$ cat run_31.cif   # mmCIF, C-alpha atoms
data_run
loop_
_atom_site.group_PDB
_atom_site.id
_atom_site.type_symbol
_atom_site.label_atom_id
_atom_site.label_comp_id
_atom_site.auth_asym_id
_atom_site.auth_seq_id
_atom_site.Cartn_x
_atom_site.Cartn_y
_atom_site.Cartn_z
ATOM 1 C CA MET L 1 -165.905 -26.929 -67.041
ATOM 2 C CA ARG L 2 -165.846 -28.847 -70.280
ATOM 3 C CA ILE L 3 -162.147 -28.135 -70.795
ATOM 4 C CA HIS L 4 -161.399 -29.470 -67.301
ATOM 5 C CA ILE L 5 -163.063 -32.773 -68.131
ATOM 6 C CA ILE L 6 -161.081 -33.038 -71.378
ATOM 7 C CA ILE L 7 -157.815 -32.304 -69.563
ATOM 8 C CA LEU L 8 -158.662 -34.853 -66.860
ATOM 9 C CA LEU L 9 -159.431 -37.540 -69.451
ATOM 10 C CA PHE L 10 -156.202 -36.724 -71.294
ATOM 11 C CA LEU L 11 -154.171 -37.092 -68.104
ATOM 12 C CA MET L 12 -155.860 -40.408 -67.283
ATOM 13 C CA VAL L 13 -154.945 -41.757 -70.716
ATOM 14 C CA ILE L 14 -151.320 -40.655 -70.353
ATOM 15 C CA VAL L 15 -150.986 -42.171 -66.873
ATOM 16 C CA GLY L 16 -152.615 -45.401 -68.024
ATOM 17 C CA CYS L 17 -150.231 -45.710 -70.962
ATOM 18 C CA SER L 18 -147.149 -45.021 -68.889
ATOM 19 C CA ASN L 19 -148.044 -47.788 -66.420
ATOM 20 C CA SER L 20 -148.540 -50.491 -69.031
ATOM 21 C CA ASN L 21 -145.855 -53.068 -69.705
ATOM 22 C CA GLN L 22 -143.736 -52.555 -72.754
ATOM 23 C CA SER L 23 -143.978 -55.357 -75.307
ATOM 24 C CA LEU L 24 -140.693 -57.132 -75.815
ATOM 25 C CA THR L 25 -139.315 -58.433 -79.095
ATOM 26 C CA LEU L 26 -137.207 -61.477 -79.892
ATOM 27 C CA GLU L 27 -134.317 -59.198 -80.788
ATOM 28 C CA GLN L 28 -134.430 -57.558 -77.361
ATOM 29 C CA ILE L 29 -134.406 -60.834 -75.438
ATOM 30 C CA VAL L 30 -131.713 -62.456 -77.601
ATOM 31 C CA GLY L 31 -129.606 -59.305 -77.283
ATOM 32 C CA ALA L 32 -130.038 -59.350 -73.498
ATOM 33 C CA PHE L 33 -128.754 -62.924 -73.329
ATOM 34 C CA GLN L 34 -125.795 -62.082 -75.556
ATOM 35 C CA ASN L 35 -124.976 -58.999 -73.458
ATOM 36 C CA GLU L 36 -124.688 -61.266 -70.416
ATOM 37 C CA GLY L 37 -122.376 -63.678 -72.240
ATOM 38 C CA LEU L 38 -124.974 -66.431 -72.623
ATOM 39 C CA GLN L 39 -124.681 -67.898 -76.098
ATOM 40 C CA LEU L 40 -127.863 -68.938 -77.863
ATOM 41 C CA THR L 41 -127.273 -71.326 -80.762
ATOM 42 C CA GLU L 42 -129.620 -72.931 -83.244
ATOM 43 C CA ALA L 43 -131.538 -75.938 -81.892
ATOM 44 C CA ASP L 44 -132.991 -78.851 -83.840
ATOM 45 C CA GLU L 45 -136.669 -78.785 -84.719
ATOM 46 C CA ASN L 46 -138.883 -81.610 -83.468
ATOM 47 C CA ARG L 47 -142.588 -81.212 -84.264
ATOM 48 C CA GLU L 48 -143.487 -83.797 -81.599
ATOM 49 C CA ASN L 49 -141.841 -81.745 -78.854
ATOM 50 C CA ILE L 50 -144.640 -80.220 -76.755
ATOM 51 C CA PHE L 51 -142.632 -77.031 -76.231
ATOM 52 C CA GLN L 52 -142.270 -76.503 -79.989
ATOM 53 C CA GLN L 53 -145.929 -77.043 -80.836
ATOM 54 C CA GLY L 54 -147.014 -73.579 -79.816
ATOM 55 C CA ILE L 55 -149.496 -72.126 -77.389
ATOM 56 C CA ASN L 56 -152.708 -70.430 -78.529
ATOM 57 C CA GLU L 57 -151.349 -70.014 -82.062
ATOM 58 C CA VAL L 58 -148.039 -68.549 -80.862
ATOM 59 C CA ILE L 59 -145.125 -70.586 -82.180
ATOM 60 C CA PRO L 60 -141.947 -70.256 -80.101
ATOM 61 C CA LYS L 61 -138.462 -69.368 -81.195
ATOM 62 C CA PHE L 62 -136.024 -71.754 -79.556
ATOM 63 C CA TYR L 63 -132.307 -72.047 -79.056
ATOM 64 C CA ARG L 64 -129.754 -74.245 -77.372
ATOM 65 C CA LEU L 65 -128.479 -72.656 -74.149
ATOM 66 C CA SER L 66 -125.877 -74.508 -72.106
ATOM 67 C CA ASP L 67 -127.014 -78.168 -72.033
ATOM 68 C CA GLY L 68 -130.704 -77.362 -72.465
ATOM 69 C CA ILE L 69 -133.122 -75.648 -74.807
ATOM 70 C CA ILE L 70 -134.767 -72.270 -74.211
ATOM 71 C CA TYR L 71 -138.138 -71.412 -75.773
ATOM 72 C CA PHE L 72 -139.407 -67.860 -76.254
ATOM 73 C CA TYR L 73 -143.151 -67.393 -76.752
ATOM 74 C CA ILE L 74 -143.889 -63.815 -77.729
ATOM 75 C CA PHE L 75 -147.517 -62.882 -77.148
ATOM 76 C CA LYS L 76 -149.177 -59.622 -78.151
ATOM 77 C CA THR L 77 -150.043 -58.670 -74.577
ATOM 78 C CA GLU L 78 -149.274 -59.630 -71.002
ATOM 79 C CA LYS L 79 -152.846 -60.880 -70.605
ATOM 80 C CA GLU L 80 -152.414 -63.248 -73.584
ATOM 81 C CA ARG L 81 -149.147 -64.467 -72.045
ATOM 82 C CA GLU L 82 -150.908 -65.246 -68.771
ATOM 83 C CA LYS L 83 -153.633 -67.177 -70.589
ATOM 84 C CA GLY L 84 -150.996 -68.985 -72.648
ATOM 85 C CA ARG L 85 -149.176 -70.190 -69.551
ATOM 86 C CA GLU L 86 -152.407 -71.393 -67.990
ATOM 87 C CA ASP L 87 -153.420 -73.219 -71.186
ATOM 88 C CA PHE L 88 -149.981 -74.800 -71.529
ATOM 89 C CA TYR L 89 -150.120 -76.348 -68.068
ATOM 90 C CA HIS L 90 -153.594 -77.770 -68.675
ATOM 91 C CA ARG L 91 -152.322 -80.087 -71.413
ATOM 92 C CA PRO L 92 -152.782 -83.758 -70.484
ATOM 93 C CA ILE L 93 -149.149 -84.847 -70.747
ATOM 94 C CA GLU L 94 -146.160 -85.475 -68.543
ATOM 95 C CA PHE L 95 -143.530 -82.788 -68.668
ATOM 96 C CA VAL L 96 -139.785 -83.017 -68.736
ATOM 97 C CA LYS L 97 -137.741 -81.086 -66.196
ATOM 98 C CA HIS L 98 -138.132 -77.416 -67.042
ATOM 99 C CA LYS L 99 -138.659 -73.977 -65.567
ATOM 100 C CA ALA L 100 -140.950 -71.169 -66.732
ATOM 101 C CA PHE L 101 -140.034 -67.477 -66.680
ATOM 102 C CA GLU L 102 -142.280 -64.536 -67.500
ATOM 103 C CA ILE L 103 -141.689 -60.920 -68.393
ATOM 104 C CA ASN L 104 -144.205 -58.528 -69.928
ATOM 105 C CA ASN L 105 -145.624 -60.227 -73.045
ATOM 106 C CA MET L 106 -143.042 -63.030 -73.111
ATOM 107 C CA LEU L 107 -143.286 -66.555 -71.723
ATOM 108 C CA ILE L 108 -139.976 -68.406 -71.551
ATOM 109 C CA PHE L 109 -139.399 -72.089 -70.877
ATOM 110 C CA TYR L 110 -136.001 -73.557 -70.184
ATOM 111 C CA VAL L 111 -135.857 -77.346 -70.638
ATOM 112 C CA TYR L 112 -132.866 -78.839 -68.849
ATOM 113 C CA GLY L 113 -130.380 -81.207 -70.423
ATOM 114 C CA LYS L 114 -130.357 -84.830 -69.187
ATOM 115 C CA ASN L 115 -127.857 -84.406 -66.345
ATOM 116 C CA GLN L 116 -128.086 -80.647 -65.914
ATOM 117 C CA SER L 117 -128.640 -78.947 -62.589
ATOM 118 C CA ASP L 118 -130.764 -75.850 -62.142
ATOM 119 C CA GLU L 119 -127.772 -73.491 -61.756
ATOM 120 C CA ILE L 120 -128.634 -71.812 -65.064
ATOM 121 C CA ASP L 121 -131.910 -70.558 -63.552
ATOM 122 C CA GLY L 122 -130.102 -67.743 -61.760
ATOM 123 C CA GLU L 123 -128.386 -66.634 -64.951
ATOM 124 C CA ILE L 124 -131.677 -66.584 -66.854
ATOM 125 C CA GLU L 125 -133.370 -64.692 -64.013
ATOM 126 C CA ASP L 126 -130.527 -62.133 -64.058
ATOM 127 C CA VAL L 127 -131.016 -61.520 -67.793
ATOM 128 C CA ILE L 128 -134.774 -61.182 -67.383
ATOM 129 C CA GLY L 129 -134.343 -58.901 -64.380
ATOM 130 C CA LYS L 130 -131.989 -56.592 -66.253
ATOM 131 C CA LEU L 131 -134.278 -56.547 -69.266
ATOM 132 C CA GLY L 132 -137.228 -55.791 -66.980
ATOM 133 C CA ASN L 133 -135.340 -52.864 -65.484
ATOM 134 C CA HIS L 134 -134.859 -51.445 -68.966
ATOM 135 C CA SER L 135 -138.497 -51.858 -69.962
ATOM 136 C CA ASP L 136 -140.691 -50.819 -67.051
ATOM 137 C CA GLY L 137 -138.995 -52.007 -63.881
ATOM 138 C CA ARG L 138 -141.266 -55.000 -63.339
ATOM 139 C CA LYS L 139 -140.513 -58.686 -63.732
#
$ encode --input "run_31.cif" --output "C-alpha cells"
Amino acid sequence: MRIHIIILLFLMVIVGCSNSNQSLTLEQIVGAFQNEGLQLTEADENRENIFQQGINEVIPKFYRLSDGIIYFYIFKTEKEREKGREDFYHRPIEFVKHKAFEINNMLIFYVYGKNQSDEIDGEIEDVIGKLGNHSDGRK
C-alpha cells in the first residue's frame, strides 16, 4: 500500500511538471524574431521612458523593430509576469500607443512609431505563436 502511494505521488509530480509553462530566455525570443526575418537593432536608452523603467524590479531589454520599439520583460514565472502586467497598467500616467503581448514568463510591449499603423502586430503575434508552439503549445 505504501509503495502505491509513493508511485501515485511520483506520477502527480511528473504530470504537474509537464503541464507547466517553460520559461523563455532573451536569446530564444530574439532568435525567434530573427528566424522570421524581423530585425531587432539597438535602441537608445531613455531613463524617463516609462517602458524602460522596469516593472517589479525587472528591467526590460529593448530594441528597435520597424518604426517602433519592442520591450522584453523576462520574469521568473508566469505568475510574476501576470502581476507585472497588472502593476504596469496601474501606474498613474498617460500611455503612448502600444500593444502588449504575453507568452509564458515574458511580457512584451511594442510601442509604435509616430505614424505607424498596427500592421506589425500580426507579425509579432506570428513569432510569439511559433515560439509558443515550440515551448508548450500555449500562447
$ atom_distance --input "run_31.cif" --atom1 "CA of Phe88 in chain L" --atom2 "CA of Gln34 in chain L"
27.6 Å
$ atom_distance --input "run_31.cif" --atom1 "CA of Tyr110 in chain L" --atom2 "CA of Phe51 in chain L"
9.6 Å
$ closest_residue --input "run_31.cif" --among "L:Ile69, L:Ile108, L:Ala100, L:Leu24" --to "Asp44 in chain L" --atoms "all atoms listed in the file"
L:Ile69
$ residues_around --input "run_31.cif" --residues "Leu26 in chain L" --least-positions-apart "5" --cutoff "10 Å" --atoms "only C-alpha atoms" --output "PyMOL selection string"
chain L and resi 31-32+60-61+72-74+106
$ atom_distance --input "run_31.cif" --atom1 "CA of Gln28 in chain L" --atom2 "CA of Ile103 in chain L"
12.0 Å
$ closest_residue --input "run_31.cif" --among "L:Glu119, L:Leu65, L:Val96, L:Ser23" --to "Lys79 in chain L" --atoms "only C-alpha atoms"
L:Ser23
$ closest_residue --input "run_31.cif" --among "L:Thr77, L:Gln53, L:Asn35, L:Asn115" --to "Val127 in chain L" --atoms "only C-alpha atoms"
L:Asn35
$ closest_residue --input "run_31.cif" --among "L:Gly37, L:Gly84, L:Gly68, L:Gly129" --to "Asn105 in chain L" --atoms "only C-alpha atoms"
L:Gly84
$ closest_residue --input "run_31.cif" --among "L:Ile50, L:Leu131, L:Asp126, L:Glu82" --to "Phe95 in chain L" --atoms "all atoms listed in the file"
L:Ile50
$ decode --input "run_31.cif" --residues "range 60-128 of chain L" --atoms "C-alpha atoms" --output "PDB file, in the first residue's frame"
ATOM      1  CA  PRO L  60      13.495  45.208 -19.898  1.00  0.00           C
ATOM      2  CA  LYS L  61      15.732  44.554 -22.847  1.00  0.00           C
ATOM      3  CA  PHE L  62      14.607  46.723 -25.737  1.00  0.00           C
ATOM      4  CA  TYR L  63      15.250  47.011 -29.432  1.00  0.00           C
ATOM      5  CA  ARG L  64      14.144  48.990 -32.440  1.00  0.00           C
ATOM      6  CA  LEU L  65      11.739  46.976 -34.607  1.00  0.00           C
ATOM      7  CA  SER L  66      10.362  48.561 -37.763  1.00  0.00           C
ATOM      8  CA  ASP L  67       9.415  52.150 -36.804  1.00  0.00           C
ATOM      9  CA  GLY L  68       8.791  51.346 -33.142  1.00  0.00           C
ATOM     10  CA  ILE L  69      10.487  49.942 -30.072  1.00  0.00           C
ATOM     11  CA  ILE L  70       9.900  46.484 -28.602  1.00  0.00           C
ATOM     12  CA  TYR L  71      10.445  45.796 -24.890  1.00  0.00           C
ATOM     13  CA  PHE L  72      11.013  42.329 -23.439  1.00  0.00           C
ATOM     14  CA  TYR L  73      10.385  41.868 -19.714  1.00  0.00           C
ATOM     15  CA  ILE L  74      11.588  38.455 -18.612  1.00  0.00           C
ATOM     16  CA  PHE L  75      10.049  37.379 -15.319  1.00  0.00           C
ATOM     17  CA  LYS L  76      10.944  34.268 -13.342  1.00  0.00           C
ATOM     18  CA  THR L  77       7.453  32.792 -13.601  1.00  0.00           C
ATOM     19  CA  GLU L  78       4.195  33.240 -15.466  1.00  0.00           C
ATOM     20  CA  LYS L  79       2.533  34.350 -12.228  1.00  0.00           C
ATOM     21  CA  GLU L  80       5.126  37.133 -11.780  1.00  0.00           C
ATOM     22  CA  ARG L  81       4.520  38.178 -15.394  1.00  0.00           C
ATOM     23  CA  GLU L  82       0.785  38.441 -14.757  1.00  0.00           C
ATOM     24  CA  LYS L  83       1.371  40.563 -11.656  1.00  0.00           C
ATOM     25  CA  GLY L  84       3.864  42.699 -13.572  1.00  0.00           C
ATOM     26  CA  ARG L  85       1.347  43.477 -16.295  1.00  0.00           C
ATOM     27  CA  GLU L  86      -1.296  44.380 -13.741  1.00  0.00           C
ATOM     28  CA  ASP L  87       1.131  46.631 -11.837  1.00  0.00           C
ATOM     29  CA  PHE L  88       2.294  48.310 -15.042  1.00  0.00           C
ATOM     30  CA  TYR L  89      -1.223  49.338 -16.025  1.00  0.00           C
ATOM     31  CA  HIS L  90      -1.936  50.766 -12.573  1.00  0.00           C
ATOM     32  CA  ARG L  91       0.699  53.479 -12.996  1.00  0.00           C
ATOM     33  CA  PRO L  92      -0.843  56.967 -12.947  1.00  0.00           C
ATOM     34  CA  ILE L  93       0.376  58.151 -16.347  1.00  0.00           C
ATOM     35  CA  GLU L  94      -0.857  58.510 -19.888  1.00  0.00           C
ATOM     36  CA  PHE L  95       0.463  55.920 -22.276  1.00  0.00           C
ATOM     37  CA  VAL L  96       1.656  56.227 -25.820  1.00  0.00           C
ATOM     38  CA  LYS L  97       0.181  53.988 -28.497  1.00  0.00           C
ATOM     39  CA  HIS L  98       1.381  50.473 -27.764  1.00  0.00           C
ATOM     40  CA  LYS L  99       0.324  46.847 -27.627  1.00  0.00           C
ATOM     41  CA  ALA L 100       1.111  44.195 -25.013  1.00  0.00           C
ATOM     42  CA  PHE L 101       1.876  40.552 -25.799  1.00  0.00           C
ATOM     43  CA  GLU L 102       2.371  37.718 -23.331  1.00  0.00           C
ATOM     44  CA  ILE L 103       3.912  34.282 -23.518  1.00  0.00           C
ATOM     45  CA  ASN L 104       4.917  32.089 -20.586  1.00  0.00           C
ATOM     46  CA  ASN L 105       7.162  34.195 -18.318  1.00  0.00           C
ATOM     47  CA  MET L 106       7.624  37.027 -20.827  1.00  0.00           C
ATOM     48  CA  LEU L 107       5.737  40.308 -21.121  1.00  0.00           C
ATOM     49  CA  ILE L 108       6.338  42.177 -24.370  1.00  0.00           C
ATOM     50  CA  PHE L 109       5.355  45.734 -25.228  1.00  0.00           C
ATOM     51  CA  TYR L 110       5.549  47.151 -28.711  1.00  0.00           C
ATOM     52  CA  VAL L 111       5.477  50.967 -28.811  1.00  0.00           C
ATOM     53  CA  TYR L 112       4.509  52.242 -32.248  1.00  0.00           C
ATOM     54  CA  GLY L 113       6.421  54.860 -34.187  1.00  0.00           C
ATOM     55  CA  LYS L 114       4.747  58.266 -34.690  1.00  0.00           C
ATOM     56  CA  ASN L 115       2.913  57.481 -37.936  1.00  0.00           C
ATOM     57  CA  GLN L 116       2.977  53.697 -37.749  1.00  0.00           C
ATOM     58  CA  SER L 117      -0.076  51.522 -38.207  1.00  0.00           C
ATOM     59  CA  ASP L 118      -0.712  48.354 -36.243  1.00  0.00           C
ATOM     60  CA  GLU L 119       0.193  46.021 -39.142  1.00  0.00           C
ATOM     61  CA  ILE L 120       3.275  44.823 -37.252  1.00  0.00           C
ATOM     62  CA  ASP L 121       1.018  43.301 -34.573  1.00  0.00           C
ATOM     63  CA  GLY L 122       0.298  40.291 -36.770  1.00  0.00           C
ATOM     64  CA  GLU L 123       3.989  39.689 -37.383  1.00  0.00           C
ATOM     65  CA  ILE L 124       4.762  39.852 -33.664  1.00  0.00           C
ATOM     66  CA  GLU L 125       1.838  37.537 -32.884  1.00  0.00           C
ATOM     67  CA  ASP L 126       3.131  35.066 -35.503  1.00  0.00           C
ATOM     68  CA  VAL L 127       6.576  34.991 -33.864  1.00  0.00           C
ATOM     69  CA  ILE L 128       5.073  34.526 -30.410  1.00  0.00           C
TER      70      ILE L 128
END
